[in-house]
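Below is one structure; the comments refer to it alone.
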Amino acid sequence: MSATLPSHESEAIAVAAERRWTWIVGAIIAVLMLMMIVTGLHWASMPPSRVETVDVKTLHLRGEFVERNLGTAVEADGRVVVRLVAQQYSFEPQCIVVPADTPVTFRATATDAIHGFIIGRTNANTMVVPGFVATFTTSFGRTGEQLMPCHEYCGTGHEAMWARVQVLPQGEFMAKARPGERLSCVAR
Ligand code: CUA
């Protein structure tokens with residue numbers, strides 16, 4: 001029977017425990033809020049797709065985005081990769097060829113301002129930010145031509161900035177693709 005405490009002592013123990021847990025719960029909430037703030041600020045300061053960087057000043061001179069490397073290529077490992085550059089007020093290339101029903105990886109960058117593009121009614125949609133490589137992989141279920149407008153306001157010529165995407169049947173595309181060559185369609 002010695003375990004029974006006087007009521008004022010047990011009340012003091014309960015109050016101390018409540019106070020302790022108030023601090024612990026408060027600390028957990030504070031940590032979660034801090035995580036939200038830090039990750040929110042961290043992501044807000046980055047382009048949405050990736051954080052791969054590229055030097056705008058040497059873009060046209062060397063590396064992945066030189067002119068002869070733009071367009072669609074079947075890489076040595078069989079991946080289909082489209083490389084393009086956005087600038088005021090056009091995309092290079094102006095007409096992109098891709099195969100249907102095949103994973104296609106886009107790698108894009110911008111030279112002068114923030115641009116972006118969406119391809120027709122597909123879910124292919126990205127911002128293109130100078131200094132960064134925007135990349136995503138998508139697959140086109142339907143053959144035919146799609147419009148690819150710039151969808152970030154980039155200056156006075158913004159509305160006139162768009163390209164075309166031709167989705168060819170897979171066999172037709174593969175018949176045209178040559179190792180080490182870049183494919184693009186001539187704008188009509
Ligand atoms: Cu480029 Cu709007």
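Residue numbers start at 1 in each chain; chains themselves are named A, B, ... in the order of the structure tokens; ligands are numbered from 1 in the order shown.
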Per residue of region 160-185 of chain A within 9 Å of region 116-137 of chain A, which atom pair is closest and at what distance in Å (one decimal), using only C-alpha atoms, listed by chain and increasing number, as a tab-separated table?
```
residue	atom	partner	partner_atom	distance
A:Trp162	CA	A:Phe117	CA	8.1
A:Arg164	CA	A:Ile119	CA	8.4
A:Val165	CA	A:Ile119	CA	7.4
```
Given a cut-off of 8 Å, what residues near ligand 1 show up using only C-alpha atoms and all ligand atoms, put as a PDB file with all heavy atoms, in the first residue's frame?
```pdb
ATOM      1  N   ALA A  86      16.406  26.629 -76.771  1.00  0.00           N
ATOM      2  CA  ALA A  86      15.372  27.660 -76.872  1.00  0.00           C
ATOM      3  C   ALA A  86      16.048  29.008 -76.793  1.00  0.00           C
ATOM      4  O   ALA A  86      16.940  29.215 -75.971  1.00  0.00           O
ATOM      5  CB  ALA A  86      14.371  27.509 -75.729  1.00  0.00           C
ATOM      6  N   GLN A  87      15.626  29.914 -77.670  1.00  0.00           N
ATOM      7  CA  GLN A  87      16.181  31.261 -77.627  1.00  0.00           C
ATOM      8  C   GLN A  87      15.110  32.221 -78.117  1.00  0.00           C
ATOM      9  O   GLN A  87      14.160  31.801 -78.756  1.00  0.00           O
ATOM     10  CB  GLN A  87      17.439  31.350 -78.500  1.00  0.00           C
ATOM     11  CG  GLN A  87      17.173  31.220 -79.989  1.00  0.00           C
ATOM     12  CD  GLN A  87      18.108  30.238 -80.658  1.00  0.00           C
ATOM     13  OE1 GLN A  87      19.244  30.086 -80.252  1.00  0.00           O
ATOM     14  NE2 GLN A  87      17.624  29.575 -81.705  1.00  0.00           N
ATOM     15  N   GLN A  88      15.284  33.527 -77.843  1.00  0.00           N
ATOM     16  CA  GLN A  88      14.308  34.515 -78.316  1.00  0.00           C
ATOM     17  C   GLN A  88      14.416  34.583 -79.838  1.00  0.00           C
ATOM     18  O   GLN A  88      15.469  34.992 -80.336  1.00  0.00           O
ATOM     19  CB  GLN A  88      14.599  35.872 -77.698  1.00  0.00           C
ATOM     20  CG  GLN A  88      14.193  35.914 -76.214  1.00  0.00           C
ATOM     21  CD  GLN A  88      14.801  37.081 -75.484  1.00  0.00           C
ATOM     22  OE1 GLN A  88      15.935  37.465 -75.778  1.00  0.00           O
ATOM     23  NE2 GLN A  88      14.105  37.634 -74.518  1.00  0.00           N
ATOM     24  N   TYR A  89      13.461  34.203 -80.686  1.00  0.00           N
ATOM     25  CA  TYR A  89      12.180  33.636 -80.338  1.00  0.00           C
ATOM     26  C   TYR A  89      11.947  32.395 -81.183  1.00  0.00           C
ATOM     27  O   TYR A  89      11.075  32.374 -82.038  1.00  0.00           O
ATOM     28  CB  TYR A  89      11.067  34.663 -80.585  1.00  0.00           C
ATOM     29  CG  TYR A  89      11.214  35.861 -79.659  1.00  0.00           C
ATOM     30  CD1 TYR A  89      11.764  37.050 -80.122  1.00  0.00           C
ATOM     31  CD2 TYR A  89      10.826  35.771 -78.303  1.00  0.00           C
ATOM     32  CE1 TYR A  89      11.921  38.135 -79.258  1.00  0.00           C
ATOM     33  CE2 TYR A  89      10.988  36.862 -77.453  1.00  0.00           C
ATOM     34  CZ  TYR A  89      11.529  38.028 -77.942  1.00  0.00           C
ATOM     35  OH  TYR A  89      11.700  39.085 -77.105  1.00  0.00           O
ATOM     36  N   SER A  90      12.759  31.402 -80.950  1.00  0.00           N
ATOM     37  CA  SER A  90      12.579  30.163 -81.706  1.00  0.00           C
ATOM     38  C   SER A  90      13.206  28.998 -80.957  1.00  0.00           C
ATOM     39  O   SER A  90      13.956  29.189 -80.006  1.00  0.00           O
ATOM     40  CB  SER A  90      13.239  30.272 -83.089  1.00  0.00           C
ATOM     41  OG  SER A  90      14.635  30.452 -82.935  1.00  0.00           O
ATOM     42  N   ALA A 113      16.786  33.713 -72.087  1.00  0.00           N
ATOM     43  CA  ALA A 113      15.733  34.032 -71.122  1.00  0.00           C
ATOM     44  C   ALA A 113      15.074  32.726 -70.720  1.00  0.00           C
ATOM     45  O   ALA A 113      15.365  31.686 -71.292  1.00  0.00           O
ATOM     46  CB  ALA A 113      14.702  34.961 -71.765  1.00  0.00           C
ATOM     47  N   ILE A 114      14.185  32.804 -69.760  1.00  0.00           N
ATOM     48  CA  ILE A 114      13.453  31.594 -69.375  1.00  0.00           C
ATOM     49  C   ILE A 114      12.375  31.333 -70.413  1.00  0.00           C
ATOM     50  O   ILE A 114      11.560  32.203 -70.722  1.00  0.00           O
ATOM     51  CB  ILE A 114      12.830  31.742 -67.967  1.00  0.00           C
ATOM     52  CG1 ILE A 114      13.942  31.865 -66.927  1.00  0.00           C
ATOM     53  CG2 ILE A 114      11.926  30.554 -67.659  1.00  0.00           C
ATOM     54  CD1 ILE A 114      13.442  32.094 -65.511  1.00  0.00           C
ATOM     55  N   HIS A 115      12.436  30.157 -71.014  1.00  0.00           N
ATOM     56  CA  HIS A 115      11.415  29.719 -71.955  1.00  0.00           C
ATOM     57  C   HIS A 115      10.770  28.471 -71.372  1.00  0.00           C
ATOM     58  O   HIS A 115      11.090  28.061 -70.250  1.00  0.00           O
ATOM     59  CB  HIS A 115      12.037  29.396 -73.319  1.00  0.00           C
ATOM     60  CG  HIS A 115      12.753  30.543 -73.951  1.00  0.00           C
ATOM     61  ND1 HIS A 115      12.113  31.470 -74.737  1.00  0.00           N
ATOM     62  CD2 HIS A 115      14.056  30.924 -73.903  1.00  0.00           C
ATOM     63  CE1 HIS A 115      13.001  32.369 -75.144  1.00  0.00           C
ATOM     64  NE2 HIS A 115      14.201  32.069 -74.647  1.00  0.00           N
ATOM     65  N   GLY A 116       9.921  27.852 -72.167  1.00  0.00           N
ATOM     66  CA  GLY A 116       9.302  26.607 -71.741  1.00  0.00           C
ATOM     67  C   GLY A 116       8.585  26.033 -72.929  1.00  0.00           C
ATOM     68  O   GLY A 116       8.456  26.706 -73.960  1.00  0.00           O
ATOM     69  N   PRO A 149       4.397  25.008 -78.520  1.00  0.00           N
ATOM     70  CA  PRO A 149       4.593  26.435 -78.252  1.00  0.00           C
ATOM     71  C   PRO A 149       5.439  26.686 -77.010  1.00  0.00           C
ATOM     72  O   PRO A 149       5.490  25.868 -76.100  1.00  0.00           O
ATOM     73  CB  PRO A 149       3.168  26.943 -78.031  1.00  0.00           C
ATOM     74  CG  PRO A 149       2.426  25.756 -77.504  1.00  0.00           C
ATOM     75  CD  PRO A 149       3.083  24.527 -78.092  1.00  0.00           C
ATOM     76  N   CYS A 150       6.088  27.854 -76.997  1.00  0.00           N
ATOM     77  CA  CYS A 150       6.756  28.323 -75.779  1.00  0.00           C
ATOM     78  C   CYS A 150       5.650  28.766 -74.826  1.00  0.00           C
ATOM     79  O   CYS A 150       4.723  29.452 -75.223  1.00  0.00           O
ATOM     80  CB  CYS A 150       7.666  29.500 -76.113  1.00  0.00           C
ATOM     81  SG  CYS A 150       8.461  30.225 -74.659  1.00  0.00           S
ATOM     82  N   HIS A 151       5.721  28.365 -73.595  1.00  0.00           N
ATOM     83  CA  HIS A 151       4.655  28.720 -72.658  1.00  0.00           C
ATOM     84  C   HIS A 151       5.135  29.526 -71.444  1.00  0.00           C
ATOM     85  O   HIS A 151       4.454  29.622 -70.434  1.00  0.00           O
ATOM     86  CB  HIS A 151       3.852  27.500 -72.235  1.00  0.00           C
ATOM     87  CG  HIS A 151       4.601  26.484 -71.412  1.00  0.00           C
ATOM     88  ND1 HIS A 151       5.645  26.816 -70.600  1.00  0.00           N
ATOM     89  CD2 HIS A 151       4.435  25.156 -71.296  1.00  0.00           C
ATOM     90  CE1 HIS A 151       6.080  25.719 -70.011  1.00  0.00           C
ATOM     91  NE2 HIS A 151       5.383  24.693 -70.420  1.00  0.00           N
ATOM     92  N   GLU A 152       6.338  30.114 -71.559  1.00  0.00           N
ATOM     93  CA  GLU A 152       6.773  31.044 -70.511  1.00  0.00           C
ATOM     94  C   GLU A 152       6.962  32.381 -71.213  1.00  0.00           C
ATOM     95  O   GLU A 152       7.663  32.444 -72.221  1.00  0.00           O
ATOM     96  CB  GLU A 152       8.127  30.611 -69.919  1.00  0.00           C
ATOM     97  CG  GLU A 152       8.072  29.392 -69.038  1.00  0.00           C
ATOM     98  CD  GLU A 152       7.423  29.656 -67.683  1.00  0.00           C
ATOM     99  OE1 GLU A 152       7.424  30.821 -67.226  1.00  0.00           O
ATOM    100  OE2 GLU A 152       6.895  28.694 -67.104  1.00  0.00           O
ATOM    101  N   TYR A 153       6.380  33.418 -70.669  1.00  0.00           N
ATOM    102  CA  TYR A 153       6.527  34.713 -71.328  1.00  0.00           C
ATOM    103  C   TYR A 153       8.013  35.093 -71.362  1.00  0.00           C
ATOM    104  O   TYR A 153       8.658  35.172 -70.323  1.00  0.00           O
ATOM    105  CB  TYR A 153       5.707  35.807 -70.617  1.00  0.00           C
ATOM    106  CG  TYR A 153       5.855  37.110 -71.344  1.00  0.00           C
ATOM    107  CD1 TYR A 153       5.176  37.308 -72.544  1.00  0.00           C
ATOM    108  CD2 TYR A 153       6.710  38.099 -70.886  1.00  0.00           C
ATOM    109  CE1 TYR A 153       5.342  38.468 -73.255  1.00  0.00           C
ATOM    110  CE2 TYR A 153       6.883  39.269 -71.598  1.00  0.00           C
ATOM    111  CZ  TYR A 153       6.190  39.443 -72.781  1.00  0.00           C
ATOM    112  OH  TYR A 153       6.366  40.589 -73.500  1.00  0.00           O
ATOM    113  N   CYS A 154       8.544  35.290 -72.601  1.00  0.00           N
ATOM    114  CA  CYS A 154       9.984  35.485 -72.717  1.00  0.00           C
ATOM    115  C   CYS A 154      10.335  36.771 -73.451  1.00  0.00           C
ATOM    116  O   CYS A 154      11.493  37.018 -73.773  1.00  0.00           O
ATOM    117  CB  CYS A 154      10.606  34.273 -73.413  1.00  0.00           C
ATOM    118  SG  CYS A 154       9.801  33.843 -74.959  1.00  0.00           S
ATOM    119  N   GLY A 155       9.336  37.599 -73.737  1.00  0.00           N
ATOM    120  CA  GLY A 155       9.609  38.869 -74.408  1.00  0.00           C
ATOM    121  C   GLY A 155       8.552  39.144 -75.462  1.00  0.00           C
ATOM    122  O   GLY A 155       7.553  38.422 -75.567  1.00  0.00           O
ATOM    123  N   GLY A 157       8.391  38.684 -78.602  1.00  0.00           N
ATOM    124  CA  GLY A 157       8.118  37.694 -79.643  1.00  0.00           C
ATOM    125  C   GLY A 157       7.583  36.385 -79.106  1.00  0.00           C
ATOM    126  O   GLY A 157       7.498  35.394 -79.834  1.00  0.00           O
ATOM    127  N   HIS A 158       7.203  36.373 -77.848  1.00  0.00           N
ATOM    128  CA  HIS A 158       6.793  35.126 -77.195  1.00  0.00           C
ATOM    129  C   HIS A 158       5.713  34.345 -77.937  1.00  0.00           C
ATOM    130  O   HIS A 158       5.843  33.144 -78.147  1.00  0.00           O
ATOM    131  CB  HIS A 158       6.345  35.447 -75.758  1.00  0.00           C
ATOM    132  CG  HIS A 158       5.579  34.358 -75.110  1.00  0.00           C
ATOM    133  ND1 HIS A 158       6.159  33.174 -74.730  1.00  0.00           N
ATOM    134  CD2 HIS A 158       4.261  34.254 -74.787  1.00  0.00           C
ATOM    135  CE1 HIS A 158       5.223  32.388 -74.176  1.00  0.00           C
ATOM    136  NE2 HIS A 158       4.082  33.028 -74.207  1.00  0.00           N
ATOM    137  N   GLU A 159       4.642  35.043 -78.384  1.00  0.00           N
ATOM    138  CA  GLU A 159       3.525  34.316 -79.008  1.00  0.00           C
ATOM    139  C   GLU A 159       3.946  33.661 -80.326  1.00  0.00           C
ATOM    140  O   GLU A 159       3.317  32.726 -80.773  1.00  0.00           O
ATOM    141  CB  GLU A 159       2.322  35.205 -79.322  1.00  0.00           C
ATOM    142  CG  GLU A 159       1.921  36.220 -78.312  1.00  0.00           C
ATOM    143  CD  GLU A 159       2.780  37.464 -78.455  1.00  0.00           C
ATOM    144  OE1 GLU A 159       2.626  38.245 -79.388  1.00  0.00           O
ATOM    145  OE2 GLU A 159       3.649  37.615 -77.568  1.00  0.00           O
ATOM    146  N   MET A 161       6.736  32.149 -80.825  1.00  0.00           N
ATOM    147  CA  MET A 161       7.797  31.175 -80.576  1.00  0.00           C
ATOM    148  C   MET A 161       7.197  29.785 -80.411  1.00  0.00           C
ATOM    149  O   MET A 161       6.558  29.482 -79.412  1.00  0.00           O
ATOM    150  CB  MET A 161       8.569  31.567 -79.304  1.00  0.00           C
ATOM    151  CG  MET A 161       9.667  30.592 -78.960  1.00  0.00           C
ATOM    152  SD  MET A 161      10.735  31.244 -77.672  1.00  0.00           S
ATOM    153  CE  MET A 161      11.766  29.797 -77.404  1.00  0.00           C
ATOM    154  N   TRP A 162       7.390  28.961 -81.424  1.00  0.00           N
ATOM    155  CA  TRP A 162       6.894  27.596 -81.332  1.00  0.00           C
ATOM    156  C   TRP A 162       7.626  26.709 -82.322  1.00  0.00           C
ATOM    157  O   TRP A 162       8.268  27.191 -83.246  1.00  0.00           O
ATOM    158  CB  TRP A 162       5.386  27.532 -81.545  1.00  0.00           C
ATOM    159  CG  TRP A 162       4.897  28.272 -82.746  1.00  0.00           C
ATOM    160  CD1 TRP A 162       4.598  29.600 -82.806  1.00  0.00           C
ATOM    161  CD2 TRP A 162       4.684  27.733 -84.052  1.00  0.00           C
ATOM    162  NE1 TRP A 162       4.211  29.930 -84.080  1.00  0.00           N
ATOM    163  CE2 TRP A 162       4.242  28.804 -84.858  1.00  0.00           C
ATOM    164  CE3 TRP A 162       4.794  26.464 -84.615  1.00  0.00           C
ATOM    165  CZ2 TRP A 162       3.932  28.629 -86.204  1.00  0.00           C
ATOM    166  CZ3 TRP A 162       4.486  26.292 -85.953  1.00  0.00           C
ATOM    167  CH2 TRP A 162       4.066  27.388 -86.725  1.00  0.00           C
TER     168      TRP A 162
END
```
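The residue that comes closest to Arg83 (chain A), out of A:Thr22, A:Ser139, A:Ser184, A:Thr102 and on the basis of only C-alpha atoms, is A:Ser184.
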Legend entry - helix (DSSP H, G or I) positions in region 12-163 of chain A, given as a count of residues only: 42
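Here CA of Val80 (chain A) is placed at a distance of 24.9 Å from CA of Thr58 (chain A).
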